[in-house]
There are 2 protein chains.
Amino acid sequence: MPSYTAPTKDLQFVLHDVLNVTSSSIPGYDELEAEFTSAILEEAGKISSEVLAPLNVVGDTEGCRLENGVVYTPTGFKAAFEQVKEGGWPGLDMPEEYGGQGMPYVIGTAVGEMFSAANQAFTMYQGLTHGAASAILAHGSDAQKDKWLPKMVSCEWTGTMNLTEPHCGTDLGLMRTKAEPQDDGSYKISGQKIFISAGEHDMADNIIHLVLAKIPGGPEGIKGVSLFIVPKFLVDDDGNIGARNGVACGKIEEKMGIHGNSTCVMNYDEATGYLLGDAHKGMRAMFTMMNEARLGVGMQGLAQADVAYQNALEYAKDRLQGRDVTGTKNPEGPADPLIVHPDIRRSLMDQKSFAEGARAFVLWGAQMIDAAHRSKDADADGLISLLTPVIKGFLTDQGYDMTIKAQQVYGGHGYIEEWGMSQYTRDARIAMIYEGANGVQALDLVGRKLAQDGGKHVMAFFEMVKSFCKANGGLDEAYDRDFIEPLKTASKDLQSAGMYFMQNGMANPNNALSGSYDFMHMFGHVCLGLMWAKMGKAAREALDGGASDKEFYNSKLATGRYYMARQLPATSLHLKRIETGADTVMALEAANF
Amino acid sequence: MPSYTAPTKDLQFVLHDVLNVTSSSIPGYDELEAEFTSAILEEAGKISSEVLAPLNVVGDTEGCRLENGVVYTPTGFKAAFEQVKEGGWPGLDMPEEYGGQGMPYVIGTAVGEMFSAANQAFTMYQGLTHGAASAILAHGSDAQKDKWLPKMVSCEWTGTMNLTEPHCGTDLGLMRTKAEPQDDGSYKISGQKIFISAGEHDMADNIIHLVLAKIPGGPEGIKGVSLFIVPKFLVDDDGNIGARNGVACGKIEEKMGIHGNSTCVMNYDEATGYLLGDAHKGMRAMFTMMNEARLGVGMQGLAQADVAYQNALEYAKDRLQGRDVTGTKNPEGPADPLIVHPDIRRSLMDQKSFAEGARAFVLWGAQMIDAAHRSKDADADGLISLLTPVIKGFLTDQGYDMTIKAQQVYGGHGYIEEWGMSQYTRDARIAMIYEGANGVQALDLVGRKLAQDGGKHVMAFFEMVKSFCKANGGLDEAYDRDFIEPLKTASKDLQSAGMYFMQNGMANPNNALSGSYDFMHMFGHVCLGLMWAKMGKAAREALDGGASDKEFYNSKLATGRYYMARQLPATSLHLKRIETGADTVMALEAANF
């Protein structure tokens, strides 16, 4: 059975040595002293590895079951959820006025990584609630906030997001769910929603569904979509739970993974709903949460990669197979451990350099969200908006690949469910799909975000990389060669790709869209390159400053060098592909495939 | 539910337009007239799509079960197996003297692709039998051949291969299974073998296990391993089935995929076994079949990619979502089909260009095996020996990636088991692991095959590419630009990588082994590039010759151009990685990971 060790030291390194959170001017960041964050992370790490991780395989094996309209979660989930609630974890970064602890999102994200790594399916119950609560926080009236938020912040009531219908996923303009206005100002919601994570279950007293639906007579297509609060049980003005609402789980989907989460078909039959935000502006209400939700999914990619890597590493150290070609390392044993073999190393270094780079990227993204929300920093808001599809698409694609690499280290044992490595790949697979499939992320990046505000944010990104290279180049020959130069080259590739889109996308937008997926990946590599350059710098400074834990910082430098040498050059291949434009991609008529 | 259409036209194209089988001097190839092979392929295609494909999801859902020592295969498997046996398919390319049809291996491979694509788990029962029969054919005494082969060629008795033990997979020198010599010349085999595909089941009257074991007192390690025939039921000299032998299935493994195949723990308790080949030469006996077995696994990678692609293509044509940015394609409908979107095209073209290129590669490999066996062509034998790890490693890695891409086209529906796309990925995953995990293939390629016979075979490969480019360059500007030039560039990258290994591997073998995986992949790309150059040439010639089916040949050219423009340039990235050597890969001490 696999295990999970919380990467608290590494999270602390990113928060304090790389992002320097306490010297940030973002309100609330001054409280994030190293001792304080360490205490939180240690505690969250403990519950992750001791409570949530052991339930991961239980969730996978048992799954959820629907009986007479009731959904039962796997053995142990309910008790663990109680423990999470008692610890106040769901409200960690929610406002104090609704019972939260008011901490920055960056801390919620660090904790979220650990919870997700330990048990993704379990953590989704809480994650969906967080998302739904954020929507109410951003768009609800004061009365709505007062009514729904306190119980959602504590996870006494959980939340869901209802977008997809059988015939429409990405293209929500095709939606058929209807919301009929009632005399009392409420609506009657009718329709079917599918793929609703945590749609129905036995761990909360109420479930607050946020449902996209169309008010008859409104604008056609996507412009006529509104967002509604639809509780499982109606709630009176005093907060008392009343009658069952007209919403029920019709089916639990049989999925490839995340079996511990109940993915439901939800049937709405004249269910009472309350408009959240403005009529026909439902998509806007959804999209204000998208940066956060998609960053959370990108983080899941990292989380599954990290836990899979941890186990692959242990296996590679334990399993004796073959001999080191440069000389036996374990002469007393019948063979050397797998980790002596260069190709196993390559795989482990791919995984390690990804996980650590991605961790910095995700926390940096969370910091930008904090800056946007807490400091009303429009530049940070613009930059995170640009980078969100990169975080979501790149980190989940790569995160998935890393779980496959980790599984491969186990050989045949990786394919046997008993060893647990299959589950990491099957659970990680969904992150490439939900919250907008990764192809849609690439489209969002190239078709929308690049040109947003006149291209201001992408130019700011390049300027940031350039400034970093300028400020930190020329201090140390090795650092220049290993970090600064590769970053410059990769960033230049990315700029060339952007230039190609500008010059060729006007004549035919397909010249840009055919390269969108490659662009998303090359952008991701440049971001991880930047993260590694920053981590490399921080490690150097720590070593120069006489840090006692030399091995930790030297490992950072070695891992960073690996990424810069072996992974970052992928930008050149992506650029090559992009520069071939749409010609070969669009050459065939659909009928001739 | 997904479906499968046999690619008979495409197989015919490769056999006749590209490989020109009838003009080959290989004995038996003169019979392979287009009409004859078409009849075989049509018939095999029919059984694949109508009998085997519908059972694919049944096998996945039901799996195999062990009750009181009896393993039950999924509903319908037994009847389908009878139908396959009655059609004589298992013996298609086995010698006529043992009841086979004596056809070349290239035909068996073409049929094998279809069977595997339709139902990999099912086809493995027959595939393992083929492998075991080939071993007996190559190493058995006449008496052994007469006794075992006729029933194995017909699949009345099936076969298995028993290598792995709990503590040893790749490193078979650690093996503990013992073979005690008996007075009558037989042996008593005792030990435990794991991951035995088709190890026990209810579809055959007897199961003939080929088991690796050590004869006490023999050489240490891998040099003391011998191969034994161990039947489930003993067989007397007249071929009558007698007493049950001391071998039993202890457990069926719970796997990620190929649930329809019984993957067994096999316990040998003084089971009677018969030495196959020479004592202590068991590994050599196993390895003579490896080229064939590994080509078969590479073919599975292609097969799963192809069937997944077929279904993704249909979905992309059917599913209406969003609008073509260059102008609506389906004005009467609520949205355009997915296939209008450039990023969906990119994914489909990746899949299509891989499947068709891989098909040519696999059949070319099978042709080399025929040349080696039927014409005793030592050059062909050397070349296929070199290319075998490439076929196995590259095609299964890429094939798996393609099933993931196909699944992704379905969005959320791809993650739901009901749609069947998850099964293709889960089934395809095993091919990267069994018959030697792909990292071991890379090691075999770089550590052994490159230098084999003084590097003669790799030099012959480069010479072949060069001759092809010389003979076919300069005839047509577009063909030169789209096919010949990219192939030359990629082949040069591969040569540079080989050169790097020669120059730096001597000083430190890890400089070569750290790049072995990249080398395997770049070699695969060059092979597919060569295949596409050949297919492009064949398509041009057909069009110049006034072929009636212009669309087929134009599609080949368009698909080839895509591969050359978008996939083949990956060689440059692999070369870059390789040229960084072992430094960053091996920098960390195991303890500092």
# chains A, B, ... in the order shown; residues from 1 in each chain; ligands from 1
$ residues_around --residues "Gly414 (chain A)" --least-positions-apart "2" --cutoff "10 Å" --atoms "only C-alpha atoms" --output "JSON, numbers by chain"
{"A": [312, 404, 405, 406, 407, 408, 409, 410, 411, 412, 416, 417, 418, 419, 420, 421, 422, 423], "B": [255, 256, 430, 433]}
$ residues_around --residues "Tyr4 (chain B)" --least-positions-apart "3" --cutoff "8 Å" --atoms "only C-alpha atoms" --output "list in words"
Ser48, Ser49, Ala53, Ala117, Ala118, Val307, Gln310 and Asn311 of chain B
$ residues_around --residues "Met103 (chain B)" --least-positions-apart "4" --cutoff "10 Å" --atoms "only C-alpha atoms" --output "list in words"
Pro27, Gly28, Tyr29, Glu31, Leu32, Gly91, Leu92, Asp93, Met94, Pro95, Glu96, Ile107, Gly108 and Asp370 of chain B
$ write_last_selection --atoms "N, CA and C atoms" --output "short mmCIF file (atom, residue, chain, number, x, y, z; two decimals), in the first residue's frame"
data_model
loop_
_atom_site.label_atom_id
_atom_site.label_comp_id
_atom_site.auth_asym_id
_atom_site.auth_seq_id
_atom_site.Cartn_x
_atom_site.Cartn_y
_atom_site.Cartn_z
N PRO B 27 10.71 -16.90 -49.44
CA PRO B 27 9.85 -18.06 -49.75
C PRO B 27 8.45 -17.90 -49.17
N GLY B 28 7.45 -18.12 -49.98
CA GLY B 28 6.07 -18.02 -49.54
C GLY B 28 5.43 -16.68 -49.87
N TYR B 29 6.27 -15.68 -50.13
CA TYR B 29 5.72 -14.35 -50.41
C TYR B 29 5.08 -14.28 -51.79
N GLU B 31 3.07 -16.14 -53.01
CA GLU B 31 1.64 -16.50 -52.95
C GLU B 31 0.75 -15.36 -52.49
N LEU B 32 1.39 -14.31 -51.97
CA LEU B 32 0.60 -13.26 -51.31
C LEU B 32 0.02 -12.25 -52.30
N GLY B 91 -3.31 -21.04 -36.19
CA GLY B 91 -2.23 -21.70 -36.92
C GLY B 91 -1.89 -21.05 -38.24
N LEU B 92 -2.41 -19.86 -38.45
CA LEU B 92 -2.26 -19.19 -39.76
C LEU B 92 -0.83 -19.18 -40.25
N ASP B 93 0.10 -18.80 -39.37
CA ASP B 93 1.49 -18.70 -39.80
C ASP B 93 2.36 -19.77 -39.13
N MET B 94 1.73 -20.89 -38.74
CA MET B 94 2.50 -22.00 -38.16
C MET B 94 2.69 -23.07 -39.24
N PRO B 95 3.72 -23.93 -39.06
CA PRO B 95 4.07 -24.91 -40.12
C PRO B 95 2.92 -25.87 -40.42
N GLU B 96 2.79 -26.20 -41.68
CA GLU B 96 1.73 -27.12 -42.10
C GLU B 96 1.90 -28.51 -41.48
N ILE B 107 1.63 -12.02 -42.55
CA ILE B 107 0.17 -12.16 -42.62
C ILE B 107 -0.39 -12.40 -41.22
N GLY B 108 0.31 -13.25 -40.46
CA GLY B 108 -0.12 -13.46 -39.08
C GLY B 108 -0.14 -12.15 -38.30
N ASP B 370 10.38 -12.67 -41.34
CA ASP B 370 10.22 -13.69 -42.38
C ASP B 370 11.51 -13.89 -43.17
#
$ residues_around --residues "Leu588 (chain A)" --least-positions-apart "5" --cutoff "12 Å" --atoms "only C-alpha atoms" --output "list in words"
Ala582, Asp583 and Phe593 of chain A; Ile339, Val340, Pro342, Arg345, Arg346, Leu348, Met349, Lys352, Glu551, Phe552, Tyr553, Asn554, Ser555, Lys556, Leu557, Ala558, Thr559, Gly560, Arg561 and Tyr562 of chain B
$ select_by_dssp --residues "region 104-181 of chain B" --states "alpha helix (DSSP H)" --output "ChimeraX atom specification"
/B:105-118,120-139,142-153
$ select_by_dssp --residues "region 267-412 of chain B" --states "strand (DSSP E)" --output "list of chain:residue names"
B:Asn267, B:Tyr268, B:Asp269, B:Glu270, B:Ala271, B:Thr272, B:Gly273, B:Tyr274, B:Leu275, B:Leu276
$ residues_around --residues "Ser491 (chain A)" --least-positions-apart "2" --cutoff "9 Å" --atoms "only C-alpha atoms" --output "list in words"
Phe462, Val465, Lys466, Pro486, Leu487, Lys488, Thr489, Asp493, Leu494, Gln495, Ser496, Met522, Phe523, Val526, Gly529 and Thr571 of chain A
$ write_last_selection --atoms "N, CA, C and O atoms" --output "tab-separated table (two decimals), in the first residue's frame"
chain	number	residue	atom	x	y	z
A	462	PHE	N	6.85	38.65	-20.20
A	462	PHE	CA	8.19	38.63	-20.81
A	462	PHE	C	9.11	39.64	-20.14
A	462	PHE	O	10.30	39.37	-19.95
A	465	VAL	N	10.42	38.15	-16.92
A	465	VAL	CA	11.49	37.18	-17.15
A	465	VAL	C	12.79	37.91	-17.48
A	465	VAL	O	13.86	37.59	-16.96
A	466	LYS	N	12.66	38.89	-18.35
A	466	LYS	CA	13.83	39.65	-18.79
A	466	LYS	C	14.49	40.36	-17.59
A	466	LYS	O	15.71	40.30	-17.42
A	486	PRO	N	19.55	29.10	-20.22
A	486	PRO	CA	18.43	28.28	-20.70
A	486	PRO	C	17.09	29.01	-20.60
A	486	PRO	O	16.24	28.88	-21.48
A	487	LEU	N	16.91	29.78	-19.53
A	487	LEU	CA	15.65	30.51	-19.37
A	487	LEU	C	15.49	31.55	-20.47
A	487	LEU	O	14.41	31.71	-21.05
A	488	LYS	N	16.58	32.24	-20.77
A	488	LYS	CA	16.53	33.24	-21.84
A	488	LYS	C	16.15	32.59	-23.18
A	488	LYS	O	15.30	33.10	-23.92
A	489	THR	N	16.78	31.47	-23.46
A	489	THR	CA	16.51	30.77	-24.73
A	489	THR	C	15.05	30.34	-24.81
A	489	THR	O	14.38	30.52	-25.83
A	493	ASP	N	12.02	31.55	-27.34
A	493	ASP	CA	11.18	30.64	-28.14
A	493	ASP	C	9.70	31.01	-27.97
A	493	ASP	O	8.94	31.04	-28.94
A	494	LEU	N	9.34	31.26	-26.73
A	494	LEU	CA	7.94	31.57	-26.46
A	494	LEU	C	7.54	32.88	-27.13
A	494	LEU	O	6.45	32.99	-27.73
A	495	GLN	N	8.42	33.85	-27.09
A	495	GLN	CA	8.14	35.12	-27.76
A	495	GLN	C	8.02	34.93	-29.26
A	495	GLN	O	7.15	35.53	-29.91
A	496	SER	N	8.88	34.10	-29.80
A	496	SER	CA	8.81	33.84	-31.25
A	496	SER	C	7.48	33.22	-31.62
A	496	SER	O	6.91	33.51	-32.67
A	522	MET	N	4.61	25.09	-24.04
A	522	MET	CA	5.87	25.81	-23.99
A	522	MET	C	5.80	26.93	-22.96
A	522	MET	O	6.79	27.20	-22.25
A	523	PHE	N	4.64	27.52	-22.81
A	523	PHE	CA	4.46	28.55	-21.79
A	523	PHE	C	4.66	27.92	-20.40
A	523	PHE	O	5.32	28.49	-19.52
A	526	VAL	N	8.33	27.47	-19.74
A	526	VAL	CA	9.01	28.72	-19.41
A	526	VAL	C	8.68	29.13	-17.96
A	526	VAL	O	9.57	29.57	-17.22
A	529	GLY	N	10.64	26.97	-15.81
A	529	GLY	CA	12.03	27.44	-15.93
A	529	GLY	C	12.27	28.66	-15.04
A	529	GLY	O	13.28	28.74	-14.34
A	571	THR	N	10.82	23.70	-25.37
A	571	THR	CA	10.23	24.87	-26.04
A	571	THR	C	10.62	24.92	-27.52
A	571	THR	O	9.83	25.37	-28.34
$ atom_distance --atom1 "CA of Ala44 (chain A)" --atom2 "CA of Val106 (chain A)"
14.1 Å
$ closest_atom_pairs --of "region 111-179 of chain B" --to "region 234-242 of chain B" --cutoff "12 Å" --atoms "only C-alpha atoms" --output "Markdown table"
| residue | atom | partner | partner_atom | distance |
| --- | --- | --- | --- | --- |
| B:Ala143 | CA | B:Asp237 | CA | 9.5 |
| B:Gln144 | CA | B:Asp237 | CA | 10.3 |
| B:Lys145 | CA | B:Gly239 | CA | 11.9 |
| B:Asp146 | CA | B:Gly239 | CA | 9.4 |
| B:Lys147 | CA | B:Gly239 | CA | 6.6 |
| B:Trp148 | CA | B:Gly239 | CA | 8.5 |
| B:Leu149 | CA | B:Gly239 | CA | 11.0 |
| B:Pro150 | CA | B:Gly239 | CA | 10.2 |
| B:Lys151 | CA | B:Gly239 | CA | 9.5 |
| B:Trp157 | CA | B:Ile241 | CA | 10.9 |
$ write_last_selection --atoms "all heavy atoms" --output "short mmCIF file (atom, residue, chain, number, x, y, z; two decimals), in the first residue's frame"
data_model
loop_
_atom_site.label_atom_id
_atom_site.label_comp_id
_atom_site.auth_asym_id
_atom_site.auth_seq_id
_atom_site.Cartn_x
_atom_site.Cartn_y
_atom_site.Cartn_z
N ALA B 143 10.48 -35.38 -31.01
CA ALA B 143 9.43 -36.02 -30.20
C ALA B 143 8.59 -34.98 -29.47
O ALA B 143 7.36 -35.09 -29.40
CB ALA B 143 10.06 -36.98 -29.19
N GLN B 144 9.27 -33.99 -28.93
CA GLN B 144 8.53 -32.91 -28.24
C GLN B 144 7.62 -32.15 -29.19
O GLN B 144 6.47 -31.85 -28.89
CB GLN B 144 9.51 -31.94 -27.55
CG GLN B 144 10.13 -32.53 -26.28
CD GLN B 144 11.18 -31.62 -25.66
OE1 GLN B 144 11.89 -30.91 -26.38
NE2 GLN B 144 11.30 -31.67 -24.34
N LYS B 145 8.15 -31.85 -30.36
CA LYS B 145 7.34 -31.13 -31.35
C LYS B 145 6.11 -31.94 -31.72
O LYS B 145 4.99 -31.42 -31.77
CB LYS B 145 8.16 -30.83 -32.61
CG LYS B 145 9.28 -29.84 -32.40
CD LYS B 145 9.97 -29.53 -33.72
CE LYS B 145 11.33 -28.93 -33.49
NZ LYS B 145 12.07 -28.73 -34.74
N ASP B 146 6.34 -33.23 -31.97
CA ASP B 146 5.21 -34.07 -32.38
C ASP B 146 4.17 -34.19 -31.26
O ASP B 146 2.97 -34.26 -31.52
CB ASP B 146 5.71 -35.48 -32.75
CG ASP B 146 6.51 -35.45 -34.04
OD1 ASP B 146 6.36 -34.47 -34.80
OD2 ASP B 146 7.29 -36.39 -34.28
N LYS B 147 4.66 -34.21 -30.05
CA LYS B 147 3.75 -34.40 -28.93
C LYS B 147 2.93 -33.15 -28.62
O LYS B 147 1.73 -33.23 -28.37
CB LYS B 147 4.55 -34.79 -27.69
CG LYS B 147 3.71 -35.07 -26.46
CD LYS B 147 4.54 -35.73 -25.37
CE LYS B 147 3.67 -36.17 -24.20
NZ LYS B 147 4.45 -36.96 -23.24
N TRP B 148 3.58 -32.00 -28.62
CA TRP B 148 2.91 -30.79 -28.13
C TRP B 148 2.35 -29.88 -29.22
O TRP B 148 1.33 -29.22 -29.01
CB TRP B 148 3.88 -29.97 -27.24
CG TRP B 148 4.47 -30.77 -26.11
CD1 TRP B 148 5.76 -31.21 -25.99
CD2 TRP B 148 3.79 -31.25 -24.95
NE1 TRP B 148 5.94 -31.92 -24.84
CE2 TRP B 148 4.73 -31.96 -24.16
CE3 TRP B 148 2.47 -31.16 -24.47
CZ2 TRP B 148 4.42 -32.57 -22.96
CZ3 TRP B 148 2.15 -31.75 -23.27
CH2 TRP B 148 3.12 -32.46 -22.52
N LEU B 149 3.06 -29.80 -30.34
CA LEU B 149 2.71 -28.75 -31.29
C LEU B 149 1.33 -28.86 -31.95
O LEU B 149 0.62 -27.86 -32.07
CB LEU B 149 3.81 -28.59 -32.35
CG LEU B 149 5.06 -27.88 -31.84
CD1 LEU B 149 6.09 -27.74 -32.96
CD2 LEU B 149 4.72 -26.50 -31.27
N PRO B 150 0.93 -30.05 -32.43
CA PRO B 150 -0.34 -30.06 -33.17
C PRO B 150 -1.50 -29.46 -32.37
O PRO B 150 -2.27 -28.67 -32.90
CB PRO B 150 -0.55 -31.55 -33.45
CG PRO B 150 0.84 -32.11 -33.50
CD PRO B 150 1.59 -31.36 -32.44
N LYS B 151 -1.59 -29.80 -31.12
CA LYS B 151 -2.71 -29.29 -30.31
C LYS B 151 -2.51 -27.81 -29.94
O LYS B 151 -3.48 -27.12 -29.64
CB LYS B 151 -2.86 -30.11 -29.02
CG LYS B 151 -3.09 -31.58 -29.27
CD LYS B 151 -4.54 -31.95 -29.05
CE LYS B 151 -4.74 -33.42 -29.39
NZ LYS B 151 -6.10 -33.88 -29.13
N TRP B 157 -4.95 -26.89 -27.07
CA TRP B 157 -4.19 -26.64 -25.86
C TRP B 157 -3.57 -25.25 -26.00
O TRP B 157 -3.05 -24.90 -27.06
CB TRP B 157 -3.05 -27.67 -25.70
CG TRP B 157 -3.53 -29.09 -25.58
CD1 TRP B 157 -4.83 -29.52 -25.43
CD2 TRP B 157 -2.73 -30.27 -25.64
NE1 TRP B 157 -4.88 -30.89 -25.38
CE2 TRP B 157 -3.60 -31.39 -25.51
CE3 TRP B 157 -1.35 -30.51 -25.79
CZ2 TRP B 157 -3.14 -32.70 -25.51
CZ3 TRP B 157 -0.89 -31.81 -25.79
CH2 TRP B 157 -1.79 -32.91 -25.65
#
$ closest_residue --among "A:Asp202, A:Glu113, A:Asp324, A:Asp171" --to "chain B" --atoms "only C-alpha atoms"
A:Asp171
$ closest_residue --among "B:Thr160, B:Gln567, B:Ser385, B:Asn206" --to "chain A" --atoms "only C-alpha atoms"
B:Gln567
$ closest_residue --among "A:Ser516, A:Asn20, A:Thr37, A:Thr164" --to "Met535 (chain A)" --atoms "only C-alpha atoms"
A:Asn20
